[in-house]
Amino acid sequence: MEVIFLGTGSAMATPQRMQAGYLVKSDTDALLIDCGSGVLHRLAGTDTGYQGVNKVILTHHHSDHVSDLVPLIKARWLAGETTLSIIGPKGTKALVSSLFDVYAYLEERVTLRIREVGPHQFSAGKFDIAAHRTQHSMNCLAYRVASIESPSGPEVVFSGDTEASDSLTRFADDATVLVHDCSFPDSVDVSGHPTPTTLGKALQGISVGRVYLTHLYPHTEENHRQMREQITTHYTGMIKFARDGLRLSLSDT
Ligand SMILES: [Zn+2]
Ligand SMILES: [Zn+2]
């Protein structure tokens, strides 16, 4: 399995970080987790391209996770690809329908399959996925993704946007990689997102191969060392800061 970080930023744009988006590839399939602003351009820079991804799984409907959906649909149509599956929490059908209220001319150009999911297990193409409700300012799901093609292979958890929570880190226990929201340093008073200290405490006692911090606001950029120390005070596993373009090749063993 391969994970490519397309967007590791937030709703506050920076030149280095696009909004939320991750490409997950198995041997024969690919899916996109979230599709925020800038993700389409990053996707165009991968071997897979926007032609090679026919399914998007949304964690939630904040604009920094969905705003490249229409550009993705239009780019696929112009490239001769006329289908797209969009999977997400309750409200995804209404969201997509409202987009076509605005961009009605696209509606007949593409065949969309919209599926709403809750906090349970489902499959999408060649992927097995488990979903878990997060603590955020709107309905949001974290996803644990495995390839059906390699049942004992790597598993990657995407937290979506969430406060630090023991139930979510337990959901991620034993995963190969956990990609977790770490929007702000401790100095920012925030709800709906973790701080390094609350995340470090929630990670205590679980076992994950590597944790990648993402959804990074501009406030974090000069504070990586301090944020890492605040997490590792409570959690001794491997912590890394994600960056746009990072590729993880995860072997089956
Ligand atoms: Zn959000
Ligand atoms: Zn967000």
# chains A, B, ... in the order shown; residues from 1 in each chain; ligands from 1
$ select_by_dssp --residues "range 30-225 of chain A" --states "strand (DSSP E or B)" --output "PyMOL selection string"
chain A and resi 30-33+55-57+83-88+111-116+121-124+127-133+141-147+155-158+177-181+210-214
$ write_last_selection --atoms "C-alpha atoms" --output "PDB file, in the first residue's frame"
ATOM      1  CA  ALA A  30      -6.745   3.996  -5.505  1.00  0.00           C
ATOM      2  CA  LEU A  31      -8.897   6.237  -3.359  1.00  0.00           C
ATOM      3  CA  LEU A  32      -8.822   9.802  -2.209  1.00  0.00           C
ATOM      4  CA  ILE A  33      -9.466  10.724   1.412  1.00  0.00           C
ATOM      5  CA  LYS A  55     -13.633   7.286  -5.458  1.00  0.00           C
ATOM      6  CA  VAL A  56     -13.419   9.967  -2.806  1.00  0.00           C
ATOM      7  CA  ILE A  57     -14.124   9.358   0.854  1.00  0.00           C
ATOM      8  CA  THR A  83     -17.807   8.370 -13.096  1.00  0.00           C
ATOM      9  CA  LEU A  84     -16.993   9.162  -9.506  1.00  0.00           C
ATOM     10  CA  SER A  85     -18.021   7.549  -6.225  1.00  0.00           C
ATOM     11  CA  ILE A  86     -18.325   9.932  -3.314  1.00  0.00           C
ATOM     12  CA  ILE A  87     -18.604   8.356   0.115  1.00  0.00           C
ATOM     13  CA  GLY A  88     -19.053  10.320   3.297  1.00  0.00           C
ATOM     14  CA  THR A 111     -22.302   9.559 -13.277  1.00  0.00           C
ATOM     15  CA  LEU A 112     -21.944   9.978  -9.562  1.00  0.00           C
ATOM     16  CA  ARG A 113     -22.476   7.279  -6.999  1.00  0.00           C
ATOM     17  CA  ILE A 114     -23.048   8.834  -3.599  1.00  0.00           C
ATOM     18  CA  ARG A 115     -22.974   6.665  -0.494  1.00  0.00           C
ATOM     19  CA  GLU A 116     -23.548   7.820   3.052  1.00  0.00           C
ATOM     20  CA  GLN A 121     -17.300  -1.284   8.438  1.00  0.00           C
ATOM     21  CA  PHE A 122     -17.733  -1.042   4.673  1.00  0.00           C
ATOM     22  CA  SER A 123     -15.819  -1.698   1.491  1.00  0.00           C
ATOM     23  CA  ALA A 124     -14.951   0.637  -1.378  1.00  0.00           C
ATOM     24  CA  PHE A 127     -10.362  -1.407   0.161  1.00  0.00           C
ATOM     25  CA  ASP A 128     -11.814  -2.504   3.494  1.00  0.00           C
ATOM     26  CA  ILE A 129     -12.660   0.502   5.613  1.00  0.00           C
ATOM     27  CA  ALA A 130     -13.786   0.982   9.185  1.00  0.00           C
ATOM     28  CA  ALA A 131     -15.237   4.332  10.268  1.00  0.00           C
ATOM     29  CA  HIS A 132     -15.290   5.916  13.706  1.00  0.00           C
ATOM     30  CA  ARG A 133     -17.099   9.054  14.860  1.00  0.00           C
ATOM     31  CA  LEU A 141     -15.664  10.245  10.603  1.00  0.00           C
ATOM     32  CA  ALA A 142     -12.160   8.854  10.987  1.00  0.00           C
ATOM     33  CA  TYR A 143     -11.289   5.999   8.650  1.00  0.00           C
ATOM     34  CA  ARG A 144      -9.124   2.922   9.024  1.00  0.00           C
ATOM     35  CA  VAL A 145      -8.125   1.715   5.565  1.00  0.00           C
ATOM     36  CA  ALA A 146      -6.798  -1.706   4.557  1.00  0.00           C
ATOM     37  CA  SER A 147      -6.358  -3.339   1.178  1.00  0.00           C
ATOM     38  CA  GLU A 155      -3.535  -0.437   7.825  1.00  0.00           C
ATOM     39  CA  VAL A 156      -3.648   3.341   7.785  1.00  0.00           C
ATOM     40  CA  VAL A 157      -5.916   5.484   9.975  1.00  0.00           C
ATOM     41  CA  PHE A 158      -6.955   9.007   8.985  1.00  0.00           C
ATOM     42  CA  VAL A 177       0.326   4.561  10.292  1.00  0.00           C
ATOM     43  CA  LEU A 178      -1.941   7.067  12.023  1.00  0.00           C
ATOM     44  CA  VAL A 179      -2.437  10.368  10.197  1.00  0.00           C
ATOM     45  CA  HIS A 180      -3.759  12.679  12.894  1.00  0.00           C
ATOM     46  CA  ASP A 181      -5.047  16.248  13.041  1.00  0.00           C
ATOM     47  CA  ARG A 210       4.197   5.909  12.984  1.00  0.00           C
ATOM     48  CA  VAL A 211       2.061   8.961  13.728  1.00  0.00           C
ATOM     49  CA  TYR A 212       2.009  11.712  11.091  1.00  0.00           C
ATOM     50  CA  LEU A 213       0.742  15.106  12.230  1.00  0.00           C
ATOM     51  CA  THR A 214      -1.356  16.927   9.669  1.00  0.00           C
TER      52      THR A 214
END
$ residues_near_ligand --ligand "ligand 2" --cutoff "8 Å" --atoms "only C-alpha atoms and all ligand atoms" --output "list of chain:residue names"
A:Ser10, A:Ala11, A:Gln19, A:Ala20, A:His62, A:Ser63, A:Asp64, A:His65, A:Gly160, A:Asp161, A:His215
$ residues_around --residues "range 222-233 of chain A" --least-positions-apart "6" --cutoff "10 Å" --atoms "only C-alpha atoms" --output "JSON, numbers by chain"
{"A": [182, 184, 185, 186, 195, 196, 197, 198, 199, 200, 201, 202, 203, 204, 213, 239, 240, 241]}
$ write_last_selection --atoms "N, CA and C atoms" --output "mmCIF file, in the first residue's frame"
data_model
loop_
_atom_site.group_PDB
_atom_site.id
_atom_site.type_symbol
_atom_site.label_atom_id
_atom_site.label_comp_id
_atom_site.auth_asym_id
_atom_site.auth_seq_id
_atom_site.Cartn_x
_atom_site.Cartn_y
_atom_site.Cartn_z
ATOM 1 N N CYS A 182 -3.360 17.748 13.928
ATOM 2 C CA CYS A 182 -2.644 18.437 15.022
ATOM 3 C C CYS A 182 -2.582 19.912 14.639
ATOM 4 N N PHE A 184 -2.918 22.929 15.914
ATOM 5 C CA PHE A 184 -2.349 24.098 16.599
ATOM 6 C C PHE A 184 -1.337 23.677 17.662
ATOM 7 N N PRO A 185 -0.438 24.576 18.007
ATOM 8 C CA PRO A 185 0.408 24.345 19.188
ATOM 9 C C PRO A 185 -0.400 24.534 20.472
ATOM 10 N N ASP A 186 0.177 24.134 21.584
ATOM 11 C CA ASP A 186 -0.512 24.239 22.880
ATOM 12 C C ASP A 186 -0.956 25.662 23.194
ATOM 13 N N THR A 195 -4.537 19.650 20.765
ATOM 14 C CA THR A 195 -3.244 20.326 20.886
ATOM 15 C C THR A 195 -2.210 19.214 21.060
ATOM 16 N N PRO A 196 -0.943 19.503 20.906
ATOM 17 C CA PRO A 196 0.056 18.441 21.076
ATOM 18 C C PRO A 196 -0.068 17.732 22.423
ATOM 19 N N THR A 197 -0.305 18.475 23.484
ATOM 20 C CA THR A 197 -0.388 17.831 24.797
ATOM 21 C C THR A 197 -1.606 16.922 24.897
ATOM 22 N N THR A 198 -2.766 17.387 24.439
ATOM 23 C CA THR A 198 -3.943 16.510 24.534
ATOM 24 C C THR A 198 -3.786 15.302 23.617
ATOM 25 N N LEU A 199 -3.140 15.484 22.477
ATOM 26 C CA LEU A 199 -2.922 14.350 21.579
ATOM 27 C C LEU A 199 -1.948 13.355 22.196
ATOM 28 N N GLY A 200 -0.861 13.867 22.775
ATOM 29 C CA GLY A 200 0.116 12.989 23.423
ATOM 30 C C GLY A 200 -0.539 12.149 24.514
ATOM 31 N N LYS A 201 -1.390 12.774 25.306
ATOM 32 C CA LYS A 201 -2.075 12.026 26.374
ATOM 33 C C LYS A 201 -3.007 10.962 25.801
ATOM 34 N N ALA A 202 -3.709 11.298 24.718
ATOM 35 C CA ALA A 202 -4.639 10.328 24.125
ATOM 36 C C ALA A 202 -3.888 9.154 23.478
ATOM 37 N N LEU A 203 -2.652 9.406 23.051
ATOM 38 C CA LEU A 203 -1.871 8.344 22.405
ATOM 39 C C LEU A 203 -1.243 7.391 23.422
ATOM 40 N N GLN A 204 -1.217 7.812 24.675
ATOM 41 C CA GLN A 204 -0.584 6.980 25.711
ATOM 42 C C GLN A 204 -1.185 5.581 25.713
ATOM 43 N N LEU A 213 1.568 13.960 11.847
ATOM 44 C CA LEU A 213 0.742 15.106 12.230
ATOM 45 C C LEU A 213 0.384 15.898 10.987
ATOM 46 N N ILE A 239 6.864 10.022 16.072
ATOM 47 C CA ILE A 239 6.015 11.156 15.675
ATOM 48 C C ILE A 239 6.695 11.882 14.520
ATOM 49 N N LYS A 240 5.957 12.137 13.449
ATOM 50 C CA LYS A 240 6.513 12.881 12.324
ATOM 51 C C LYS A 240 5.529 13.959 11.873
ATOM 52 N N PHE A 241 6.066 15.039 11.338
ATOM 53 C CA PHE A 241 5.215 16.063 10.738
ATOM 54 C C PHE A 241 5.026 15.723 9.261
#
$ closest_residue --among "A:Cys140, A:Ser187, A:Ser207, A:Arg170" --to "Thr220 in chain A" --atoms "only C-alpha atoms"
A:Ser187
$ select_by_dssp --residues "range 6-194 of chain A" --states "helix (DSSP H, G or I)" --output "ChimeraX atom specification"
/A:39-44,50-52,63-66,69-78,92-102,104-106,166-171
$ closest_residue --among "A:Leu69, A:Met138, A:Val117, A:Val3" --to "ligand 1" --atoms "only C-alpha atoms and all ligand atoms"
A:Met138
$ closest_residue --among "A:Asp101, A:Asp34, A:Asp47, A:Asp68" --to "ligand 1" --atoms "only C-alpha atoms and all ligand atoms"
A:Asp34
$ closest_residue --among "A:Leu72, A:Leu58, A:Leu106, A:Ile4" --to "ligand 1" --atoms "only C-alpha atoms and all ligand atoms"
A:Leu58
$ residues_around --residues "Pro15 in chain A" --least-positions-apart "6" --cutoff "12 Å" --atoms "only C-alpha atoms" --output "PyMOL selection string"
chain A and resi 7-9+37-38+217-218+243-244
$ write_last_selection --atoms "N, CA and C atoms" --output "mmCIF file, in the first residue's frame"
data_model
loop_
_atom_site.group_PDB
_atom_site.id
_atom_site.type_symbol
_atom_site.label_atom_id
_atom_site.label_comp_id
_atom_site.auth_asym_id
_atom_site.auth_seq_id
_atom_site.Cartn_x
_atom_site.Cartn_y
_atom_site.Cartn_z
ATOM 1 N N GLY A 7 -2.407 17.064 0.635
ATOM 2 C CA GLY A 7 -2.639 18.322 1.333
ATOM 3 C C GLY A 7 -2.563 18.118 2.834
ATOM 4 N N THR A 8 -1.648 18.843 3.468
ATOM 5 C CA THR A 8 -1.435 18.672 4.914
ATOM 6 C C THR A 8 -1.736 19.961 5.667
ATOM 7 N N GLY A 9 -2.418 20.885 4.989
ATOM 8 C CA GLY A 9 -2.708 22.172 5.605
ATOM 9 C C GLY A 9 -4.143 22.262 6.096
ATOM 10 N N SER A 37 -9.147 22.377 -1.021
ATOM 11 C CA SER A 37 -8.593 23.253 -2.049
ATOM 12 C C SER A 37 -7.113 22.947 -2.285
ATOM 13 N N GLY A 38 -6.753 22.807 -3.558
ATOM 14 C CA GLY A 38 -5.357 22.529 -3.931
ATOM 15 C C GLY A 38 -5.065 21.062 -4.150
ATOM 16 N N TYR A 217 -2.085 24.233 10.817
ATOM 17 C CA TYR A 217 -2.331 25.669 10.627
ATOM 18 C C TYR A 217 -1.002 26.419 10.577
ATOM 19 N N PRO A 218 -0.995 27.642 10.031
ATOM 20 C CA PRO A 218 0.255 28.416 9.976
ATOM 21 C C PRO A 218 0.884 28.599 11.355
ATOM 22 N N ARG A 243 4.102 16.424 5.317
ATOM 23 C CA ARG A 243 4.293 17.547 4.390
ATOM 24 C C ARG A 243 3.692 17.148 3.044
ATOM 25 N N ASP A 244 3.264 18.136 2.299
ATOM 26 C CA ASP A 244 2.693 17.859 0.985
ATOM 27 C C ASP A 244 3.726 17.142 0.107
#
$ closest_residue --among "A:Leu6, A:Lys74, A:Asn54, A:Ser251" --to "His41 in chain A" --atoms "only C-alpha atoms"
A:Leu6
$ atom_distance --atom1 "CA of Thr59 in chain A" --atom2 "CA of Ala104 in chain A"
24.9 Å
$ residues_around --residues "Gln51 in chain A" --least-positions-apart "3" --cutoff "9 Å" --atoms "only C-alpha atoms" --output "list in words"
Ala44, Thr48, Asn54, Ala75, Arg76, Ala79, Gly80 and Glu81 of chain A
$ decode --residues "range 168-179 of chain A" --atoms "N, CA and C atoms" --output "PDB file, in the first residue's frame"
ATOM      1  N   LEU A 168     -10.758   7.403  19.841  1.00  0.00           N
ATOM      2  CA  LEU A 168     -10.180   7.438  18.498  1.00  0.00           C
ATOM      3  C   LEU A 168      -8.794   6.793  18.474  1.00  0.00           C
ATOM      4  N   THR A 169      -7.989   7.046  19.485  1.00  0.00           N
ATOM      5  CA  THR A 169      -6.659   6.423  19.455  1.00  0.00           C
ATOM      6  C   THR A 169      -6.775   4.902  19.672  1.00  0.00           C
ATOM      7  N   ARG A 170      -7.770   4.472  20.435  1.00  0.00           N
ATOM      8  CA  ARG A 170      -8.002   3.009  20.540  1.00  0.00           C
ATOM      9  C   ARG A 170      -8.421   2.437  19.183  1.00  0.00           C
ATOM     10  N   PHE A 171      -9.221   3.195  18.451  1.00  0.00           N
ATOM     11  CA  PHE A 171      -9.627   2.795  17.089  1.00  0.00           C
ATOM     12  C   PHE A 171      -8.387   2.620  16.197  1.00  0.00           C
ATOM     13  N   ALA A 172      -7.360   3.423  16.472  1.00  0.00           N
ATOM     14  CA  ALA A 172      -6.136   3.375  15.656  1.00  0.00           C
ATOM     15  C   ALA A 172      -5.101   2.386  16.177  1.00  0.00           C
ATOM     16  N   ASP A 173      -5.379   1.753  17.308  1.00  0.00           N
ATOM     17  CA  ASP A 173      -4.376   0.876  17.922  1.00  0.00           C
ATOM     18  C   ASP A 173      -3.947  -0.209  16.935  1.00  0.00           C
ATOM     19  N   ASP A 174      -2.643  -0.457  16.906  1.00  0.00           N
ATOM     20  CA  ASP A 174      -2.034  -1.482  16.046  1.00  0.00           C
ATOM     21  C   ASP A 174      -1.991  -1.106  14.566  1.00  0.00           C
ATOM     22  N   ALA A 175      -2.416   0.091  14.207  1.00  0.00           N
ATOM     23  CA  ALA A 175      -2.314   0.497  12.801  1.00  0.00           C
ATOM     24  C   ALA A 175      -0.845   0.693  12.415  1.00  0.00           C
ATOM     25  N   THR A 176      -0.577   0.582  11.142  1.00  0.00           N
ATOM     26  CA  THR A 176       0.783   0.811  10.641  1.00  0.00           C
ATOM     27  C   THR A 176       1.115   2.299  10.710  1.00  0.00           C
ATOM     28  N   VAL A 177       0.147   3.105  10.312  1.00  0.00           N
ATOM     29  CA  VAL A 177       0.326   4.561  10.292  1.00  0.00           C
ATOM     30  C   VAL A 177      -0.962   5.214  10.786  1.00  0.00           C
ATOM     31  N   LEU A 178      -0.814   6.223  11.613  1.00  0.00           N
ATOM     32  CA  LEU A 178      -1.941   7.067  12.023  1.00  0.00           C
ATOM     33  C   LEU A 178      -1.666   8.486  11.537  1.00  0.00           C
ATOM     34  N   VAL A 179      -2.548   8.992  10.693  1.00  0.00           N
ATOM     35  CA  VAL A 179      -2.437  10.368  10.197  1.00  0.00           C
ATOM     36  C   VAL A 179      -3.416  11.196  11.021  1.00  0.00           C
TER      37      VAL A 179
END
